[in-house]
file query01.cif (mmCIF, C-alpha atoms and all ligand atoms)
data_protein
loop_
_atom_site.label_atom_id
_atom_site.label_comp_id
_atom_site.auth_asym_id
_atom_site.auth_seq_id
_atom_site.Cartn_x
_atom_site.Cartn_y
_atom_site.Cartn_z
CA MET A 164 -96.10 -187.87 89.90
CA LYS A 165 -97.41 -187.17 93.40
CA ILE A 166 -94.30 -185.98 95.27
CA THR A 167 -95.28 -186.79 98.84
CA GLY A 168 -96.55 -189.89 100.63
CA ASN A 169 -94.65 -192.34 98.44
CA THR A 170 -92.30 -195.13 99.40
CA VAL A 171 -89.23 -194.39 97.30
CA LEU A 172 -86.34 -196.77 96.69
CA ILE A 173 -83.18 -195.03 95.46
CA VAL A 174 -80.31 -197.25 94.37
CA GLY A 175 -77.12 -195.19 94.23
CA ALA A 176 -78.32 -192.82 96.95
CA THR A 177 -75.20 -192.07 98.99
CA SER A 178 -73.60 -189.40 96.84
CA GLY A 179 -74.25 -186.98 94.00
CA ILE A 180 -77.65 -186.94 92.31
CA GLY A 181 -79.06 -189.88 94.29
CA LYS A 182 -78.09 -188.39 97.65
CA GLU A 183 -79.74 -185.05 96.85
CA LEU A 184 -82.84 -186.84 95.56
CA ALA A 185 -82.98 -188.87 98.79
CA ARG A 186 -82.65 -185.79 100.98
CA SER A 187 -85.24 -183.79 99.03
CA LEU A 188 -87.81 -186.58 98.83
CA HIS A 189 -87.33 -187.36 102.54
CA ALA A 190 -87.89 -183.67 103.41
CA LEU A 191 -91.06 -183.67 101.28
CA GLY A 192 -92.62 -186.41 103.42
CA ASN A 193 -91.84 -189.56 101.49
CA ARG A 194 -90.61 -192.82 103.01
CA VAL A 195 -87.14 -193.13 101.49
CA ILE A 196 -85.02 -196.27 101.27
CA VAL A 197 -81.41 -195.69 100.23
CA ALA A 198 -79.03 -198.25 98.76
CA SER A 199 -75.44 -198.43 97.56
CA ARG A 200 -72.37 -200.62 97.99
CA ARG A 201 -70.72 -198.95 100.98
CA ARG A 202 -72.57 -199.87 104.16
CA GLU A 203 -70.94 -197.02 106.13
CA LEU A 204 -72.40 -194.45 103.73
CA VAL A 205 -75.84 -196.08 103.87
CA ASP A 206 -75.65 -196.05 107.69
CA GLN A 207 -74.61 -192.39 107.66
CA MET A 208 -77.59 -191.42 105.49
CA ILE A 209 -79.93 -193.20 107.92
CA ALA A 210 -78.27 -191.56 110.93
CA ASP A 211 -78.56 -188.10 109.35
CA HIS A 212 -82.21 -188.53 108.32
CA PRO A 213 -84.49 -190.03 111.00
CA GLY A 214 -87.13 -192.22 109.38
CA MET A 215 -84.97 -193.08 106.37
CA SER A 216 -84.09 -196.74 105.79
CA GLY A 217 -81.20 -198.32 103.93
CA ILE A 218 -79.91 -201.57 102.51
CA PRO A 219 -76.41 -202.10 101.08
CA VAL A 220 -76.27 -203.60 97.57
CA ASN A 221 -73.88 -204.03 94.67
CA VAL A 222 -76.00 -204.09 91.53
CA ASN A 223 -73.10 -205.71 89.62
CA ASP A 224 -73.10 -208.72 91.95
CA PRO A 225 -75.97 -211.16 91.17
CA VAL A 226 -75.94 -212.61 94.71
CA SER A 227 -76.02 -209.19 96.35
CA LEU A 228 -78.80 -208.12 93.98
CA ALA A 229 -80.88 -211.23 94.69
CA ASN A 230 -80.54 -210.73 98.47
CA PHE A 231 -81.40 -207.06 98.08
CA THR A 232 -84.51 -207.81 96.01
CA PHE A 233 -85.65 -210.36 98.58
CA GLU A 234 -85.12 -207.92 101.46
CA VAL A 235 -86.90 -205.04 99.71
CA ARG A 236 -89.89 -207.22 98.83
CA ASN A 237 -90.17 -208.50 102.40
CA ARG A 238 -89.48 -205.31 104.33
CA PHE A 239 -90.94 -202.73 101.97
CA PRO A 240 -93.66 -204.28 99.79
CA GLU A 241 -95.26 -200.83 99.54
CA VAL A 242 -92.44 -199.38 97.38
CA ASN A 243 -94.10 -197.50 94.53
CA VAL A 244 -91.22 -195.38 93.18
CA LEU A 245 -87.81 -196.65 92.04
CA PHE A 246 -84.77 -194.60 91.02
CA ALA A 247 -82.26 -196.97 89.40
CA ASN A 248 -79.50 -194.40 89.72
CA ALA A 249 -76.44 -196.50 90.65
CA GLY A 250 -73.52 -195.98 88.35
CA ILE A 251 -70.46 -194.01 87.54
CA CYS A 252 -69.94 -191.07 85.24
CA ARG A 253 -66.43 -190.54 83.93
CA SER A 254 -65.46 -187.18 82.52
CA GLU A 255 -64.17 -187.34 78.97
CA ASP A 256 -62.24 -184.95 76.80
CA MET A 257 -64.65 -184.56 73.88
CA THR A 258 -61.98 -182.69 71.90
CA SER A 259 -59.70 -185.76 71.82
CA GLU A 260 -60.01 -188.41 69.10
CA ASP A 261 -60.83 -191.00 71.79
CA GLY A 262 -63.55 -188.77 73.25
CA LYS A 263 -65.12 -188.17 69.82
CA ALA A 264 -65.10 -191.91 69.09
CA ARG A 265 -66.77 -192.68 72.43
CA SER A 266 -69.42 -190.01 71.85
CA PHE A 267 -70.20 -191.49 68.45
CA ASN A 268 -70.45 -195.00 69.93
CA VAL A 269 -72.77 -193.84 72.73
CA ARG A 270 -75.08 -192.08 70.25
CA ARG A 271 -75.11 -195.11 67.94
CA ALA A 272 -75.76 -197.50 70.86
CA SER A 273 -78.60 -195.30 72.13
CA ARG A 274 -80.26 -195.37 68.70
CA GLU A 275 -79.88 -199.13 68.38
CA SER A 276 -80.98 -199.92 71.94
CA PRO A 277 -82.92 -197.28 73.88
CA THR A 278 -82.00 -199.02 77.16
CA LEU A 279 -78.29 -198.46 76.56
CA SER A 280 -76.73 -195.17 77.60
CA HIS A 281 -73.07 -196.17 77.72
CA THR A 282 -70.76 -198.31 75.64
N1 LIG A 301 -73.24 -186.51 87.14
C1 LIG A 301 -73.46 -186.43 85.82
O1 LIG A 301 -73.15 -185.41 85.16
C2 LIG A 301 -74.16 -187.57 85.11
C3 LIG A 301 -74.43 -187.46 83.75
C4 LIG A 301 -75.08 -188.51 83.08
C5 LIG A 301 -75.44 -189.65 83.79
N2 LIG A 301 -75.15 -189.73 85.11
C6 LIG A 301 -75.54 -190.95 85.82
O2 LIG A 301 -76.34 -190.60 86.96
C7 LIG A 301 -76.04 -191.49 88.02
C8 LIG A 301 -75.57 -190.73 89.27
O3 LIG A 301 -74.45 -189.93 88.95
P1 LIG A 301 -73.65 -189.14 90.08
O4 LIG A 301 -72.76 -188.18 89.38
O5 LIG A 301 -74.61 -188.63 91.11
O6 LIG A 301 -72.76 -190.34 90.65
P2 LIG A 301 -72.01 -190.53 92.06
O7 LIG A 301 -71.93 -189.25 92.84
O8 LIG A 301 -70.74 -191.25 91.76
O9 LIG A 301 -73.00 -191.51 92.85
C9 LIG A 301 -73.16 -192.83 92.43
C10 LIG A 301 -73.94 -193.58 93.49
O10 LIG A 301 -74.13 -194.92 93.01
C11 LIG A 301 -73.59 -195.83 93.97
N3 LIG A 301 -73.09 -196.97 93.19
C12 LIG A 301 -72.09 -196.98 92.28
N4 LIG A 301 -71.91 -198.20 91.79
C13 LIG A 301 -72.80 -199.00 92.41
C14 LIG A 301 -73.09 -200.39 92.36
N5 LIG A 301 -72.41 -201.22 91.56
N6 LIG A 301 -74.10 -200.88 93.12
C15 LIG A 301 -74.80 -200.06 93.94
N7 LIG A 301 -74.57 -198.74 94.06
C16 LIG A 301 -73.57 -198.21 93.30
C17 LIG A 301 -72.52 -195.03 94.73
O11 LIG A 301 -72.25 -195.50 96.04
P3 LIG A 301 -71.17 -196.68 96.31
O12 LIG A 301 -69.91 -196.26 95.61
O13 LIG A 301 -71.01 -196.77 97.79
O14 LIG A 301 -71.77 -197.92 95.74
C18 LIG A 301 -73.22 -193.68 94.83
O15 LIG A 301 -74.17 -193.67 95.87
C19 LIG A 301 -74.97 -192.47 87.51
O16 LIG A 301 -75.61 -193.65 87.07
C20 LIG A 301 -74.34 -191.72 86.36
O17 LIG A 301 -73.80 -192.60 85.39
C21 LIG A 301 -74.53 -188.73 85.78
#

call {"tool": "encode", "arguments": {"input": "query01.cif", "output": "structure tokens"}}
result
Amino acid sequence: MKITGNTVLIVGATSGIGKELARSLHALGNRVIVASRRRELVDQMIADHPGMSGIPVNVNDPVSLANFTFEVRNRFPEVNVLFANAGICRSEDMTSEDGKARSFNVRRASRESPTLSHT
């Protein structure tokens, strides 16, 4: 992948992995559009990084997602890179019986459907 000169849409870009990706890709000279549920965090990312854009979205809400898709297509038709990074990651005790069972289910689900990473 060419790592500069892209228009990059990062969903889940206001903390953790997505936030660092957004900052790094912005610094490398890409046009970065950040998205997540909390508007105040999206606005803060834009304020901290001149040239960055942002749109709030909740990917679990079909109406929010439809509005978001419409807005991205209209405002940023040049988007050529998408990071679908929104989500949560709970820590689990893999030594507990519950943790072992979940691990087994995740591995089985991943084998049965490559698009699934969680159960
Ligand atoms: N960190 C790990 O070790 C790890 C390991 C495996 C997989 N992952 C996956 O990698 C991704 C990022 O992990 P992370 O640790 O960086 O997470 P994080 O710090 O919790 O960041 C999650 C981001 O997604 C946004 N988000 C959450 N739910 C959303 C929703 N329904 N609609 C739109 N945006 C949403 C959050 O902002 P708002 O709360 O404002 O929406 C935030 O910007 C997640 O999908 C996670 O499952 C992480």

call {"tool": "residues_near_ligand", "arguments": {"input": "query01.cif", "ligand": "ligand LIG 301 (chain A)", "cutoff": "10 Å", "atoms": "all atoms listed in the file", "output": "ChimeraX atom specification"}}
result
/A:173-184,197-205,219-224,227-228,246-254,280-281

call {"tool": "residues_around", "arguments": {"input": "query01.cif", "residues": "segment 229-242 of chain A", "least_positions_apart": "3", "cutoff": "7 Å", "atoms": "all atoms listed in the file", "output": "mmCIF file with C-alpha atoms, in the frame of the given file"}}
result
data_model
loop_
_atom_site.group_PDB
_atom_site.id
_atom_site.type_symbol
_atom_site.label_atom_id
_atom_site.label_comp_id
_atom_site.auth_asym_id
_atom_site.auth_seq_id
_atom_site.Cartn_x
_atom_site.Cartn_y
_atom_site.Cartn_z
ATOM 1 C CA THR A 170 -92.300 -195.130 99.400
ATOM 2 C CA VAL A 171 -89.230 -194.390 97.300
ATOM 3 C CA LEU A 172 -86.340 -196.770 96.690
ATOM 4 C CA VAL A 220 -76.270 -203.600 97.570
ATOM 5 C CA PRO A 225 -75.970 -211.160 91.170
ATOM 6 C CA VAL A 226 -75.940 -212.610 94.710
#

call {"tool": "atom_distance", "arguments": {"input": "query01.cif", "atom1": "atom CA of Ser216 of chain A", "atom2": "atom CA of Val195 of chain A"}}
result
6.4 Å

call {"tool": "atom_distance", "arguments": {"input": "query01.cif", "atom1": "atom CA of Pro213 of chain A", "atom2": "atom CA of Ser187 of chain A"}}
result
13.5 Å

call {"tool": "atom_distance", "arguments": {"input": "query01.cif", "atom1": "atom CA of Gly217 of chain A", "atom2": "atom CA of Ile196 of chain A"}}
result
5.1 Å

call {"tool": "residues_around", "arguments": {"input": "query01.cif", "residues": "Met215 of chain A", "least_positions_apart": "4", "cutoff": "10 Å", "atoms": "all atoms listed in the file", "output": "PyMOL selection string"}}
result
chain A and resi 185-186+189+193-197+205-206+208-211

call {"tool": "closest_residue", "arguments": {"input": "query01.cif", "among": "A:Asn243, A:Thr258, A:Thr167, A:Gln207", "to": "Ala190 of chain A", "atoms": "only C-alpha atoms"}}
result
A:Thr167

call {"tool": "decode", "arguments": {"input": "query01.cif", "residues": "segment 219-261 of chain A", "atoms": "N, CA and C atoms", "output": "mmCIF file, in the first residue's frame"}}
result
data_model
loop_
_atom_site.group_PDB
_atom_site.id
_atom_site.type_symbol
_atom_site.label_atom_id
_atom_site.label_comp_id
_atom_site.auth_asym_id
_atom_site.auth_seq_id
_atom_site.Cartn_x
_atom_site.Cartn_y
_atom_site.Cartn_z
ATOM 1 N N PRO A 219 -19.411 11.800 13.253
ATOM 2 C CA PRO A 219 -19.854 10.832 14.261
ATOM 3 C C PRO A 219 -20.693 9.721 13.627
ATOM 4 N N VAL A 220 -20.563 8.502 14.159
ATOM 5 C CA VAL A 220 -21.382 7.379 13.688
ATOM 6 C C VAL A 220 -21.431 6.317 14.778
ATOM 7 N N ASN A 221 -22.571 5.621 14.831
ATOM 8 C CA ASN A 221 -22.669 4.399 15.634
ATOM 9 C C ASN A 221 -22.928 3.263 14.652
ATOM 10 N N VAL A 222 -21.935 2.404 14.466
ATOM 11 C CA VAL A 222 -22.070 1.358 13.448
ATOM 12 C C VAL A 222 -23.116 0.306 13.831
ATOM 13 N N ASN A 223 -23.566 0.329 15.100
ATOM 14 C CA ASN A 223 -24.618 -0.612 15.515
ATOM 15 C C ASN A 223 -26.019 -0.062 15.278
ATOM 16 N N ASP A 224 -26.098 1.182 14.833
ATOM 17 C CA ASP A 224 -27.393 1.826 14.617
ATOM 18 C C ASP A 224 -27.603 1.991 13.104
ATOM 19 N N PRO A 225 -28.553 1.241 12.513
ATOM 20 C CA PRO A 225 -28.725 1.270 11.057
ATOM 21 C C PRO A 225 -28.993 2.666 10.499
ATOM 22 N N VAL A 226 -29.728 3.499 11.265
ATOM 23 C CA VAL A 226 -30.028 4.852 10.783
ATOM 24 C C VAL A 226 -28.760 5.699 10.773
ATOM 25 N N SER A 227 -28.008 5.622 11.876
ATOM 26 C CA SER A 227 -26.751 6.364 11.960
ATOM 27 C C SER A 227 -25.803 5.915 10.842
ATOM 28 N N LEU A 228 -25.746 4.618 10.608
ATOM 29 C CA LEU A 228 -24.844 4.078 9.588
ATOM 30 C C LEU A 228 -25.256 4.534 8.179
ATOM 31 N N ALA A 229 -26.555 4.559 7.928
ATOM 32 C CA ALA A 229 -27.039 4.999 6.609
ATOM 33 C C ALA A 229 -26.716 6.479 6.386
ATOM 34 N N ASN A 230 -26.935 7.303 7.417
ATOM 35 C CA ASN A 230 -26.615 8.736 7.305
ATOM 36 C C ASN A 230 -25.121 8.939 7.096
ATOM 37 N N PHE A 231 -24.339 8.163 7.815
ATOM 38 C CA PHE A 231 -22.880 8.248 7.720
ATOM 39 C C PHE A 231 -22.418 7.900 6.300
ATOM 40 N N THR A 232 -22.937 6.807 5.781
ATOM 41 C CA THR A 232 -22.565 6.353 4.433
ATOM 42 C C THR A 232 -22.897 7.427 3.403
ATOM 43 N N PHE A 233 -24.084 8.002 3.554
ATOM 44 C CA PHE A 233 -24.521 9.065 2.642
ATOM 45 C C PHE A 233 -23.560 10.250 2.710
ATOM 46 N N GLU A 234 -23.216 10.651 3.934
ATOM 47 C CA GLU A 234 -22.350 11.820 4.124
ATOM 48 C C GLU A 234 -20.942 11.561 3.578
ATOM 49 N N VAL A 235 -20.422 10.365 3.840
ATOM 50 C CA VAL A 235 -19.069 10.046 3.338
ATOM 51 C C VAL A 235 -19.072 10.070 1.806
ATOM 52 N N ARG A 236 -20.074 9.432 1.217
ATOM 53 C CA ARG A 236 -20.118 9.383 -0.263
ATOM 54 C C ARG A 236 -20.204 10.780 -0.865
ATOM 55 N N ASN A 237 -20.962 11.659 -0.218
ATOM 56 C CA ASN A 237 -21.150 13.006 -0.764
ATOM 57 C C ASN A 237 -19.970 13.924 -0.502
ATOM 58 N N ARG A 238 -19.429 13.850 0.722
ATOM 59 C CA ARG A 238 -18.342 14.780 1.079
ATOM 60 C C ARG A 238 -16.972 14.273 0.674
ATOM 61 N N PHE A 239 -16.804 12.946 0.688
ATOM 62 C CA PHE A 239 -15.470 12.385 0.450
ATOM 63 C C PHE A 239 -15.519 11.231 -0.556
ATOM 64 N N PRO A 240 -15.951 11.495 -1.780
ATOM 65 C CA PRO A 240 -16.046 10.395 -2.753
ATOM 66 C C PRO A 240 -14.685 9.812 -3.113
ATOM 67 N N GLU A 241 -13.607 10.530 -2.758
ATOM 68 C CA GLU A 241 -12.257 10.081 -3.094
ATOM 69 C C GLU A 241 -11.681 9.086 -2.084
ATOM 70 N N VAL A 242 -12.440 8.714 -1.050
ATOM 71 C CA VAL A 242 -11.911 7.747 -0.071
ATOM 72 C C VAL A 242 -11.422 6.489 -0.788
ATOM 73 N N ASN A 243 -10.163 6.114 -0.518
ATOM 74 C CA ASN A 243 -9.630 4.904 -1.142
ATOM 75 C C ASN A 243 -9.063 3.902 -0.146
ATOM 76 N N VAL A 244 -9.104 4.274 1.168
ATOM 77 C CA VAL A 244 -8.650 3.342 2.207
ATOM 78 C C VAL A 244 -9.651 3.378 3.351
ATOM 79 N N LEU A 245 -10.098 2.194 3.787
ATOM 80 C CA LEU A 245 -11.033 2.103 4.916
ATOM 81 C C LEU A 245 -10.450 1.204 6.003
ATOM 82 N N PHE A 246 -10.454 1.713 7.240
ATOM 83 C CA PHE A 246 -10.160 0.877 8.406
ATOM 84 C C PHE A 246 -11.468 0.716 9.172
ATOM 85 N N ALA A 247 -12.049 -0.475 9.125
ATOM 86 C CA ALA A 247 -13.281 -0.763 9.872
ATOM 87 C C ALA A 247 -12.855 -1.281 11.240
ATOM 88 N N ASN A 248 -12.495 -0.339 12.110
ATOM 89 C CA ASN A 248 -11.802 -0.663 13.360
ATOM 90 C C ASN A 248 -12.696 -0.521 14.586
ATOM 91 N N ALA A 249 -13.939 -0.030 14.403
ATOM 92 C CA ALA A 249 -14.803 0.207 15.568
ATOM 93 C C ALA A 249 -15.068 -1.098 16.291
ATOM 94 N N GLY A 250 -15.037 -1.037 17.599
ATOM 95 C CA GLY A 250 -15.359 -2.239 18.360
ATOM 96 C C GLY A 250 -14.849 -2.145 19.767
ATOM 97 N N ILE A 251 -15.077 -3.200 20.495
ATOM 98 C CA ILE A 251 -14.571 -3.251 21.856
ATOM 99 C C ILE A 251 -13.769 -4.536 22.022
ATOM 100 N N CYS A 252 -12.863 -4.515 22.962
ATOM 101 C CA CYS A 252 -12.033 -5.682 23.212
ATOM 102 C C CYS A 252 -12.005 -5.898 24.719
ATOM 103 N N ARG A 253 -12.725 -6.901 25.176
ATOM 104 C CA ARG A 253 -12.757 -7.169 26.626
ATOM 105 C C ARG A 253 -11.599 -8.084 27.000
ATOM 106 N N SER A 254 -10.995 -7.819 28.143
ATOM 107 C CA SER A 254 -9.958 -8.750 28.594
ATOM 108 C C SER A 254 -10.646 -9.965 29.220
ATOM 109 N N GLU A 255 -10.050 -11.114 29.030
ATOM 110 C CA GLU A 255 -10.628 -12.347 29.560
ATOM 111 C C GLU A 255 -9.573 -13.135 30.294
ATOM 112 N N ASP A 256 -9.994 -13.817 31.331
ATOM 113 C CA ASP A 256 -9.089 -14.686 32.067
ATOM 114 C C ASP A 256 -9.078 -16.040 31.367
ATOM 115 N N MET A 257 -8.009 -16.289 30.576
ATOM 116 C CA MET A 257 -7.958 -17.511 29.781
ATOM 117 C C MET A 257 -7.671 -18.745 30.632
ATOM 118 N N THR A 258 -7.378 -18.517 31.934
ATOM 119 C CA THR A 258 -7.150 -19.674 32.807
ATOM 120 C C THR A 258 -8.460 -20.156 33.438
ATOM 121 N N SER A 259 -9.537 -19.310 33.334
ATOM 122 C CA SER A 259 -10.812 -19.736 33.906
ATOM 123 C C SER A 259 -11.539 -20.648 32.924
ATOM 124 N N GLU A 260 -12.484 -21.440 33.433
ATOM 125 C CA GLU A 260 -13.253 -22.340 32.561
ATOM 126 C C GLU A 260 -14.032 -21.529 31.530
ATOM 127 N N ASP A 261 -14.590 -20.368 31.964
ATOM 128 C CA ASP A 261 -15.354 -19.514 31.063
ATOM 129 C C ASP A 261 -14.456 -18.969 29.943
#
